[in-house]
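Report on the following structure.
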4 protein chains.
Amino acid sequence: MSNTFGNIFKLTSFGESHGIAIGGIIDGCPAGFDIDLEAIQKELDRRKPGQSKITTQRKEEDTVQILSGIFEGKTTGTPIGFTIANKNQKPEDYQHIQNQFRPSHADATYQEKYGIRDYRGGGRTSARETACRVVAGAIAKQILSTKGVEIYAFVKSVGEIKLNKNYKELDLKNIDSNIVRCPDNDVATLMINKIQEIRKLGDTIGGTIQCVVKNCPKGLGEPVFGKLHAALGGAMLSINAVKGFEYGSGFEGTQLLGSAHNDTYEIAENELRTTTNNNGGIQGGISNGEDIYFNVAFKPVATIMQDQDSFDADLNPIVIKGKGRHDPCVLPRAVPIVDAMAALVILDFLMLSQTQKL
Amino acid sequence: MSNTFGNIFKLTSFGESHGIAIGGIIDGCPAGFDIDLEAIQKELDRRKPGQSKITTQRKEEDTVQILSGIFEGKTTGTPIGFTIANKNQKPEDYQHIQNQFRPSHADATYQEKYGIRDYRGGGRTSARETACRVVAGAIAKQILSTKGVEIYAFVKSVGEIKLNKNYKELDLKNIDSNIVRCPDNDVATLMINKIQEIRKLGDTIGGTIQCVVKNCPKGLGEPVFGKLHAALGGAMLSINAVKGFEYGSGFEGTQLLGSAHNDTYEIAENELRTTTNNNGGIQGGISNGEDIYFNVAFKPVATIMQDQDSFDADLNPIVIKGKGRHDPCVLPRAVPIVDAMAALVILDFLMLSQTQKL
Amino acid sequence: MSNTFGNIFKLTSFGESHGIAIGGIIDGCPAGFDIDLEAIQKELDRRKPGQSKITTQRKEEDTVQILSGIFEGKTTGTPIGFTIANKNQKPEDYQHIQNQFRPSHADATYQEKYGIRDYRGGGRTSARETACRVVAGAIAKQILSTKGVEIYAFVKSVGEIKLNKNYKELDLKNIDSNIVRCPDNDVATLMINKIQEIRKLGDTIGGTIQCVVKNCPKGLGEPVFGKLHAALGGAMLSINAVKGFEYGSGFEGTQLLGSAHNDTYEIAENELRTTTNNNGGIQGGISNGEDIYFNVAFKPVATIMQDQDSFDADLNPIVIKGKGRHDPCVLPRAVPIVDAMAALVILDFLMLSQTQKL
Amino acid sequence: MSNTFGNIFKLTSFGESHGIAIGGIIDGCPAGFDIDLEAIQKELDRRKPGQSKITTQRKEEDTVQILSGIFEGKTTGTPIGFTIANKNQKPEDYQHIQNQFRPSHADATYQEKYGIRDYRGGGRTSARETACRVVAGAIAKQILSTKGVEIYAFVKSVGEIKLNKNYKELDLKNIDSNIVRCPDNDVATLMINKIQEIRKLGDTIGGTIQCVVKNCPKGLGEPVFGKLHAALGGAMLSINAVKGFEYGSGFEGTQLLGSAHNDTYEIAENELRTTTNNNGGIQGGISNGEDIYFNVAFKPVATIMQDQDSFDADLNPIVIKGKGRHDPCVLPRAVPIVDAMAALVILDFLMLSQTQKL
């Protein structure tokens with residue numbers, strides 16, 4: 001709840017976008033695992049601003065410093081504290097919005113709830129916070145990879161441009177081969193052009209990310225309320241700008257008949273497997289060993305480079321100026337965040353499932 | 001987690017479909033509220049089997065007995081224990097599936113996770129469990145109604161038959177005016193006919209439920225991980241057969257430009273209001289006083305009245321016979337469950353938000 | 001918190017002393033363990049009223065009914081719901097105290113906190129609630145016993161009469177050989193006589209219980225806040241009438257010098273063992289394989305058979321009449337409760353420790 | 001659990017004694033409260049090493065840096081991240097104990113549980129961790145003080161030297177008037193002399209701290225498991241070296257008869273008050289408005305300046321050399337820690353109690 005995520009492998013995060021630093025604490029990390037710090041930084045670099053022509057041009061290093069919990073390269077089972085300094089702060093850029101409520105931002109709701117807010121760059125509401133999720137997710141992924149678990153998130157649609165292939169037809173190793181992070185280069189080009197076009201309009205656009213978890217151990221999920229897909233859905237919906245989540249056949253599957261939707265079984269290598277996977281690797285809230293896959297919907301970024309009518313804290317009409325350095329489309333930078341949240345859930349539930357093994 | 005839902009107003013439930021009883025404990029219920037027991041029973045009746053020609057014909061009374069926590073008609077702040085006896089049990093109906101893994105059921109995953117399962121009627125995996133959610137939700141709704149909060153869930157689509165109106169054009173008081181619980185009687189008739197047709201085929205069909213929360217207090221939601229919509233999404237995804245969740249503009253909204261998607265402000269009765277509501281009443285994870293609305297996708301019921309090839313626990317091929325009394329479409333009976341889960345989340349977050357008010 | 005105890009193996013309880021029933025839900029119970037229902041009942045019988053001449057003469061069967069979670073004699077990993085009917089209710093016995101605040105009872109604090117209370121027999125504040133702990137603890141003990149863990153609680157003192165032997169000099173199998181549950185029959189006789197003498201005075205008396213956990217697996221405890229002894233202490237202090245907790249050398253150990261208090265090591269059977277055990281089997285919050293032992297202080301029962309001056313809810317002076325059927329000393333019946341809470345903590349932490357074992 | 005403390009006002013901490021820094025995150029802090037950073041530092045200074053002749057002579061500044069959650073001097077409701085750099089690190093001092101198991105330290109249990117440990121200065125097991133509690137507690141105290149709550153912890157005994165006065169006879173403003181933090185200067189002198197004498201022997205000594213909470217609001221406590229004293233006890237027992245907790249009449253009260261122990265009522269200023277306070281301000285787990293008071297037992301520090309026989313990780317016999325800079329008695333520096341933990345519990349439960357106030 002609030003700023004802690006997870007049951008056993010837990011991330012607690014802090015930090016405003018224009019404070020001294022953001023950071024977090026990973027508690028419950030199992031001991032004795034090798035941690036590759038460069039691999040963490042590499043994931044952060046996938047999320048950092050200024051990484052390509054289709055993201056915000058704001059430059060920020062986003063260098064993580066680990067303060068505890070890792071000793072001589074290995075996790076010790078004690079909490080891992082870390083910080084990421086806020087370096088490219090320009091609080092003066094935000095002075096003018098101090099009393100302004102930007103449309104579709106959380107300015108007014110934070111003001112309502114807390115009676116006070118750090119307005120600089122959105123403060124706590126900024127997606128900058130998600131960098132901490134990427135750090136924790138990167139550690140989770142390293143631990144999961146020792147169990148063979150692989151997680152692939154990629155951009156599936158940008159506005160109306162959609163990758164209409166099943167993920168099985170794609171080479172998921174190609175995700176980072178282009179700047180929009182869509183593993184089909186032809187569709188990726190369309191997406192990149194679209195985003196550049198939208199940027200020129202001073203506008204923004206949304207899209208969807210698909211995530212596939214391969215080799216997830218069987219038996220993860222804690223029914224009836226802690227179903228694996230409920231945890232994944234809750235995790236994804238906690239990411240800034242997310243408006244929807246579906247797994248397996250999702251919303252489209254509601255139009256199928258049961259006889260077509262049911263995943264019948266087959267035996268492969270002496271193991272029970274399903275012939276289709278409409279249930280997205282989860283049955284009754286518990287992983288069944290098939291690929292877990294799901295889609296996440298992101299709304300268009302609320303900050304646009306166009307003037308917008310609005311009101312200030314005293315309810316006087318104002319005009320919000322469209323200026324600053326912002327993302328025309330959040331999708332490419334959101335890919336590592338989806339990755340990270342998926343990893344946090346899977347590792348947490350893997351650890352939870354161990355409790356049964358007395 | 002597992003069988004407890006909520007942070008402050010908490011439901012813990014128990015029970016298999018063919019055990020002695022199901023039931024639950026509501027902990028954290030605020031003291032001093034009048035509870036109308038008949039209103040609880042009425043909500044249960046909306047969920048009970050055998051209620052109409054388009055649901056399972058299995059008859060079950062589903063009478064709730066409150067065992068504690070309510071004294072002289074009022075909540076006392078102590079836990080409310082309750083049971084619902086399982087009366088129409090026919091365990092012998094299930095003897096034959098003892099070792100069978102039904103396609104798209106949780107038989108195999110429960111067996112994998114726990115090494116043992118109560119196979120009778122699905123045991124804990126049965127949607128019978130949701131009756132306990134309805135009891136708790138009915139109590140939450142009564143408390144919320146004293147604050148003016150209104151919750152309306154209704155069937156928005158059955159297969160390809162879709163109610164294509166904005167909920168604002170509908171009279172939400174009409175939801176129970178027909179057996180499919182769609183507030184537009186013309187569309188409802190189409191849905192009912194469709195379900196009957198599917199039933200004759202021995203098949204099943206999915207659909208979507210929309211839920212609208214009116215007069216939700218401002219300021220509910222616990223960012224960054226406990227965003228109000230993340231909690232609602234996690235709650236809905238924990239309901240049996242749910243495959244997707246979207247709020248506000250949802251998946252469709254991903255195709256809009258930011259300039260079109262942003263909800264601009266207006267002043268009405270000296271209060272900041274939005275002119276549109278693409279953000280579904282929640283900004284930055286916190287309720288803003290506008291209507292909260294969301295859609296929930298339900299897959300077609302896995303139990304069909306057709307023979308299906310499958311395997312038993314020893315991985316021998318078998319044929320699953322299509323027999324018994326089952327729902328051709330779960331949507332009409334799922335309406336009160338969606339209602340209930342929404343009420344549990346809203347009340348829980350209302351109580352959480354009080355912690356700030358020192 | 002509130003009415004849920006534990007992190008993984010969790011008990012949630014409900015019920016007032018004079019309502020229809022008390023009961024609970026055990027969630028997180030590992031699957032596949034044989035449960036001996038008679039052994040559960042036997043533990044309840046150790047706690048039940050009317051069991052001997054030194055307890056209350058109120059008779060109550062305290063028969064537990066398991067409603068779910070156990071199938072064909074084995075745990076299934078699903079929640080175990082259970083109830084204990086309240087049969088020997090005499091609400092009319094309590095009508096007169098409806099508006100009375102009894103000294104050293106929770107009447108006034110419940111009224112203050114909740115604004116309402118079920119005054120009959122103390123309602124939720126009655127120690128009757130602890131019967132649910134005994135049920136859950138009995139199940140935990142059965143699971144722990146498959147790992148060799150043994151738990152022994154016994155009465156160490158009644159008023160000034162104290163068992164001045166180290167528990168290692170005692171035969172802990174003798175605990176139930178007398179009605180006061182002190183494993184030294186000579187001291188037990190003194191205690192029994194003392195309690196009878198106090199009863200004749202219409203008065204009550206307190207005492208201490210010692211609990212020893214043998215063969216606790218090494219490595220249990222979740223520092224820094226979830227130290228094993230902190231969890232045990234919190235558990236014991238949640239029992240009605242408990243005023244203190246100490247483990248290992250406890251309060252007396254504060255008078256020792258470090259050189260005398262330190263537990264030096266020896267090697268026995270190729271294992272590191274301590275020569276003394278002032279640390280009570282726990283180092284740095286983690287079990288070290290030595291016996292865990294601790295003392296629990298119980299105040300004298302507040303209900304005495306003497307008239308007491310007090311006030312009613314309107315702050316008018318009243319006289320509280322000493323009548324009814326009450327315990328002159330709670331210690332003998334508290335032994336199984338201490339047992340149970342110890343078992344709940346140890347099993348919960350054993351399950352938690354499994355999360356590390358990826 | 002583990003490294004998070006609290007339900008609503010939550011501290012999560014991290015850090016090893018000889019890593020880069022220790023620190024923490026306070027989540028759930030209510031918004032809009034003025035925070036005096038100097039007052040936080042002042043509390044840290046009460047805990048810091050090298051503060052007087054009776055503490056360790058190791059010098060460490062212990063300067064806290066707040067990284068987030070406080071904006072323009074006020075809390076914002078977002079998480080407060082902070083760090084305390086580890087400056088006076090001498091890891092080489094600890095190289096020799098890398099494979100050594102020091103008697104009555106947690107070396108062996110950490111090695112057993114995690115299979116790896118940061119041996120430098122005790123790593124996570126060091127009481128250095130408690131500095132983070134002091135930071136969070138100092139913030140909690142500032143918020144509580146706006147409600148009139150006052151918390152006073154002081155040294156009640158050192159070894160056999162005991163302050164034999166009721167706290168009501170003492171001037172609790174005098175606690176910091178001497179270096180041992182005992183509000184009676186005569187007894188304080190005896191304690192100081194005793195500690196110096198013990199230090200010369202190269203030995204250590206334990207003692208007790210008493211804590212008094214004045215003006216605690218009525219109605220705090222969450223029965224049946226979250227009784228206020230159970231939370232206080234669990235909190236105190238989580239502090240390094242604590243072996244016991246008792247509140248109100250405590251262990252001594254077990255020797256009283258009920259008629260003597262019961263706190264009868266009187267009316268004062270139109271309010272129900274107790275004439276005595278054997279129940280230590282808590283009835284049925286809920287605060288009743290009287291002073292809350294409790295005692296905490298600290299064992300003698302395990303690190304002594306004498307040679308001790310022990311074993312290394314390969315179970316070979318070794319001699320542990322008594323050297324380094326250590327506390328002969330932990331009590332004076334533990335006073336602000338007890339203070340802090342009390343404040344964390346009281347504020348957390350005050351916030352929890354608000355949930356009822358719909």
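Going through the structure tokens in order, the chains are called A, B, and so on, while each chain numbers its residues from 1 and the ligands are numbered from 1 in the order shown.
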
Q | Selection near Ser259 of chain B, 7 Å with only C-alpha atoms, sequence-local residues under 2 positions removed, as number ranges by chain | A | A: 203, 304; B: 257, 261-262

Q) Hey, what's within 9 Å of Tyr293 of chain C if we count only C-alpha atoms and toss same-chain stuff fewer than 3 positions away? As JSON, numbers by chain, please? A) {"C": [210, 211, 212, 213, 214, 246, 247, 248, 280, 281]}

Could you give me, as a tab-separated table, a per-residue list for chain B showing, wherever an atom lies at most 9 Å from an atom of chain C, the closest pair of atoms and their distance in Å to one decimal, using only C-alpha atoms and sorting by chain then residue number from low to high?
residue	atom	partner	partner_atom	distance
B:Ser2	CA	C:Gly28	CA	7.5
B:Asn3	CA	C:Asp27	CA	6.7
B:Thr4	CA	C:Asp27	CA	8.4
B:Thr12	CA	C:Ile25	CA	7.6
B:Ser13	CA	C:Ile25	CA	7.5
B:Phe14	CA	C:Pro79	CA	5.2
B:Gly15	CA	C:Ser68	CA	5.1
B:Glu16	CA	C:Ser68	CA	6.3
B:Gly19	CA	C:Ser68	CA	6.0
B:Ile20	CA	C:Leu67	CA	5.4
B:Ala21	CA	C:Leu67	CA	5.8
B:Ile22	CA	C:Leu67	CA	7.4
B:Gly23	CA	C:Gly81	CA	7.6
B:Gly24	CA	C:Ile25	CA	7.8
B:Ile25	CA	C:Phe14	CA	6.9
B:Ile26	CA	C:Phe14	CA	8.7
B:Asp27	CA	C:Asn3	CA	6.7
B:Gly28	CA	C:Ser2	CA	7.5
B:Pro30	CA	C:Tyr114	CA	8.0
B:Ala31	CA	C:Tyr114	CA	5.6
B:Gly32	CA	C:Ile116	CA	6.6
B:Ile66	CA	C:Ile20	CA	8.5
B:Leu67	CA	C:Ile20	CA	5.4
B:Ser68	CA	C:Gly15	CA	5.1
B:Gly69	CA	C:Gly15	CA	7.0
B:Ile70	CA	C:Asp118	CA	8.6
B:Phe71	CA	C:Asp118	CA	6.3
B:Glu72	CA	C:Asp118	CA	8.8
B:Lys74	CA	C:Ile116	CA	8.6
B:Thr75	CA	C:Ile116	CA	8.4
B:Thr76	CA	C:Ile116	CA	5.9
B:Gly77	CA	C:Tyr114	CA	6.1
B:Thr78	CA	C:Arg124	CA	7.0
B:Pro79	CA	C:Phe14	CA	5.2
B:Ile80	CA	C:Phe14	CA	6.6
B:Gly81	CA	C:Phe14	CA	5.7
B:Lys113	CA	C:Gly77	CA	8.9
B:Tyr114	CA	C:Ala31	CA	5.6
B:Gly115	CA	C:Gly32	CA	6.9
B:Ile116	CA	C:Thr76	CA	5.9
B:Arg117	CA	C:Thr76	CA	5.9
B:Asp118	CA	C:Phe71	CA	6.3
B:Arg124	CA	C:Thr78	CA	7.0

Q.
Between atom CA of Ala136 of chain C and atom CA of Ile346 of chain C, what is the distance in Å, rounded to a tenth?
A.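 Taking atom CA of Ala136 of chain C as the start and atom CA of Ile346 of chain C as the end point, the length is 12.5 Å.
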
Q: Return as a count of residues only the full set of residues in segment 65-215 of chain B whose backbone-based DSSP assignment is strand (DSSP E).
A: 33

(Q) as a list of chain:residue names, please: the residues near Gly258 of chain A (cut-off 6 Å, only C-alpha atoms, same-chain neighbours under 4 positions excluded). (A)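 With the cut-off at 6 Å, the set is A:Asn262, B:Asp203, B:Thr204, B:Ile205, B:Pro300, B:Val301, B:Ala302.
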
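Using only C-alpha atoms, the protein and nucleic acid residues lying no more than 8 Å from Gln255 of chain B, apart from those fewer than 4 places from it along its own chain, are Val158, Gly159, Glu160, Ile205, Gly206 and Gly207 of chain A; Phe251 of chain B.
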
Restrict the selected residues to N, CA and C atoms and save them as an mmCIF file, in the first residue's frame.
data_model
loop_
_atom_site.group_PDB
_atom_site.id
_atom_site.type_symbol
_atom_site.label_atom_id
_atom_site.label_comp_id
_atom_site.auth_asym_id
_atom_site.auth_seq_id
_atom_site.Cartn_x
_atom_site.Cartn_y
_atom_site.Cartn_z
ATOM 1 N N VAL A 158 0.855 2.155 -30.815
ATOM 2 C CA VAL A 158 0.983 3.599 -30.571
ATOM 3 C C VAL A 158 -0.196 4.231 -31.296
ATOM 4 N N GLY A 159 -1.114 4.808 -30.553
ATOM 5 C CA GLY A 159 -2.331 5.299 -31.177
ATOM 6 C C GLY A 159 -2.982 4.155 -31.940
ATOM 7 N N GLU A 160 -3.274 4.401 -33.200
ATOM 8 C CA GLU A 160 -3.943 3.370 -33.996
ATOM 9 C C GLU A 160 -2.972 2.420 -34.701
ATOM 10 N N ILE A 205 0.516 11.139 -27.545
ATOM 11 C CA ILE A 205 -0.294 9.996 -27.952
ATOM 12 C C ILE A 205 -0.049 8.810 -27.025
ATOM 13 N N GLY A 206 -1.076 7.969 -26.865
ATOM 14 C CA GLY A 206 -0.986 6.798 -25.999
ATOM 15 C C GLY A 206 -0.660 5.527 -26.742
ATOM 16 N N GLY A 207 -0.918 4.403 -26.097
ATOM 17 C CA GLY A 207 -0.632 3.122 -26.737
ATOM 18 C C GLY A 207 -0.697 1.978 -25.756
ATOM 19 N N PHE B 251 -8.809 1.198 -22.776
ATOM 20 C CA PHE B 251 -8.016 0.808 -23.949
ATOM 21 C C PHE B 251 -8.290 1.716 -25.140
#

Q. From the set B:Lys243, B:Arg133, B:Lys147, B:Lys165, which residue has the shortest atom-to-atom contact distance to Val224 of chain A, counting only C-alpha atoms?
A.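 Comparing B:Lys243, B:Arg133, B:Lys147, B:Lys165 against Val224 of chain A, the winner is B:Arg133.
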
Q: Kindly give the distance, in Å, that separates atom CA of Phe101 of chain D and atom CA of Asp312 of chain D, rounded to a single decimal.
A: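 Taking atom CA of Phe101 of chain D and atom CA of Asp312 of chain D, their separation equals 5.6 Å.
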
Q. Using only C-alpha atoms, which residues sit within 10 Å of Glu38 of chain A once same-chain residues fewer than 5 positions away are excluded, as a ChimeraX atom specification?
A. /A:43-44,64

Restricted to all heavy atoms, what would the selected residues look like written as a compact mmCIF listing (two decimals), in the first residue's frame?
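What landed in result_2.txt:
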# COMPACT_ATOMS: atom_id res chain seq x y z
N GLU A 43 19.25 -1.15 -17.25
CA GLU A 43 17.77 -1.06 -17.24
C GLU A 43 17.33 0.38 -16.99
O GLU A 43 16.39 0.88 -17.60
CB GLU A 43 17.17 -1.98 -16.16
CG GLU A 43 17.22 -3.46 -16.50
CD GLU A 43 16.32 -3.83 -17.68
OE1 GLU A 43 15.27 -3.19 -17.89
OE2 GLU A 43 16.68 -4.77 -18.40
N LEU A 44 18.05 1.04 -16.08
CA LEU A 44 17.74 2.45 -15.82
C LEU A 44 17.95 3.28 -17.09
O LEU A 44 17.18 4.22 -17.36
CB LEU A 44 18.64 3.00 -14.71
CG LEU A 44 18.16 2.81 -13.28
CD1 LEU A 44 19.23 3.29 -12.31
CD2 LEU A 44 16.85 3.57 -13.04
N VAL A 64 22.33 5.03 -10.25
CA VAL A 64 21.90 4.48 -8.97
C VAL A 64 23.11 4.25 -8.08
O VAL A 64 24.17 3.82 -8.54
CB VAL A 64 21.11 3.16 -9.17
CG1 VAL A 64 21.98 2.07 -9.76
CG2 VAL A 64 20.51 2.68 -7.85

Q) When DSSP works through the backbone of this structure, what residues of segment 85-148 of chain C end up as alpha helix (DSSP H), shown as a list in words? A)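 Filtering segment 85-148 of chain C down to alpha helix (DSSP H) leaves Asp107, Ala108, Thr109, Tyr110, Gln111, Glu112, Lys113, Tyr114, Thr130, Ala131, Cys132, Arg133, Val134, Val135, Ala136, Gly137, Ala138, Ile139, Ala140, Lys141, Gln142, Ile143, Leu144 and Ser145 of chain C.
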
**Q.** Separation of atom CA of Val135 of chain C from atom CA of Thr355 of chain A in Å
**A.**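 Computing the Euclidean distance for atom CA of Thr355 of chain A and atom CA of Val135 of chain C yields 21.2 Å.
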
Q: Determine, counting only C-alpha atoms, which protein, DNA and RNA residues have an atom within 8 Å of an atom of segment 226-239 of chain A; residues of the same chain fewer than 3 positions away are not included. Present the result as an MDAnalysis selection string.
A: (chainID A and resid 130 220:223 242:247 282 284:287 296 337:338 341:342 345 349) or (chainID B and resid 1:3 223:227 229:231 233:238 285)

Q) Which neighbours of Thr146 of chain B fall inside 12 Å, counting only C-alpha atoms, when residues of the same chain fewer than 2 positions from it are skipped, and could you give them as a list in words? A)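 The residues that qualify are Gly32, Phe33, Asp34, Ile35, Ile139, Ala140, Lys141, Gln142, Ile143, Leu144, Gly148, Val149, Glu150, Asn215, Cys216 and Leu347 of chain B; Leu358 of chain D.
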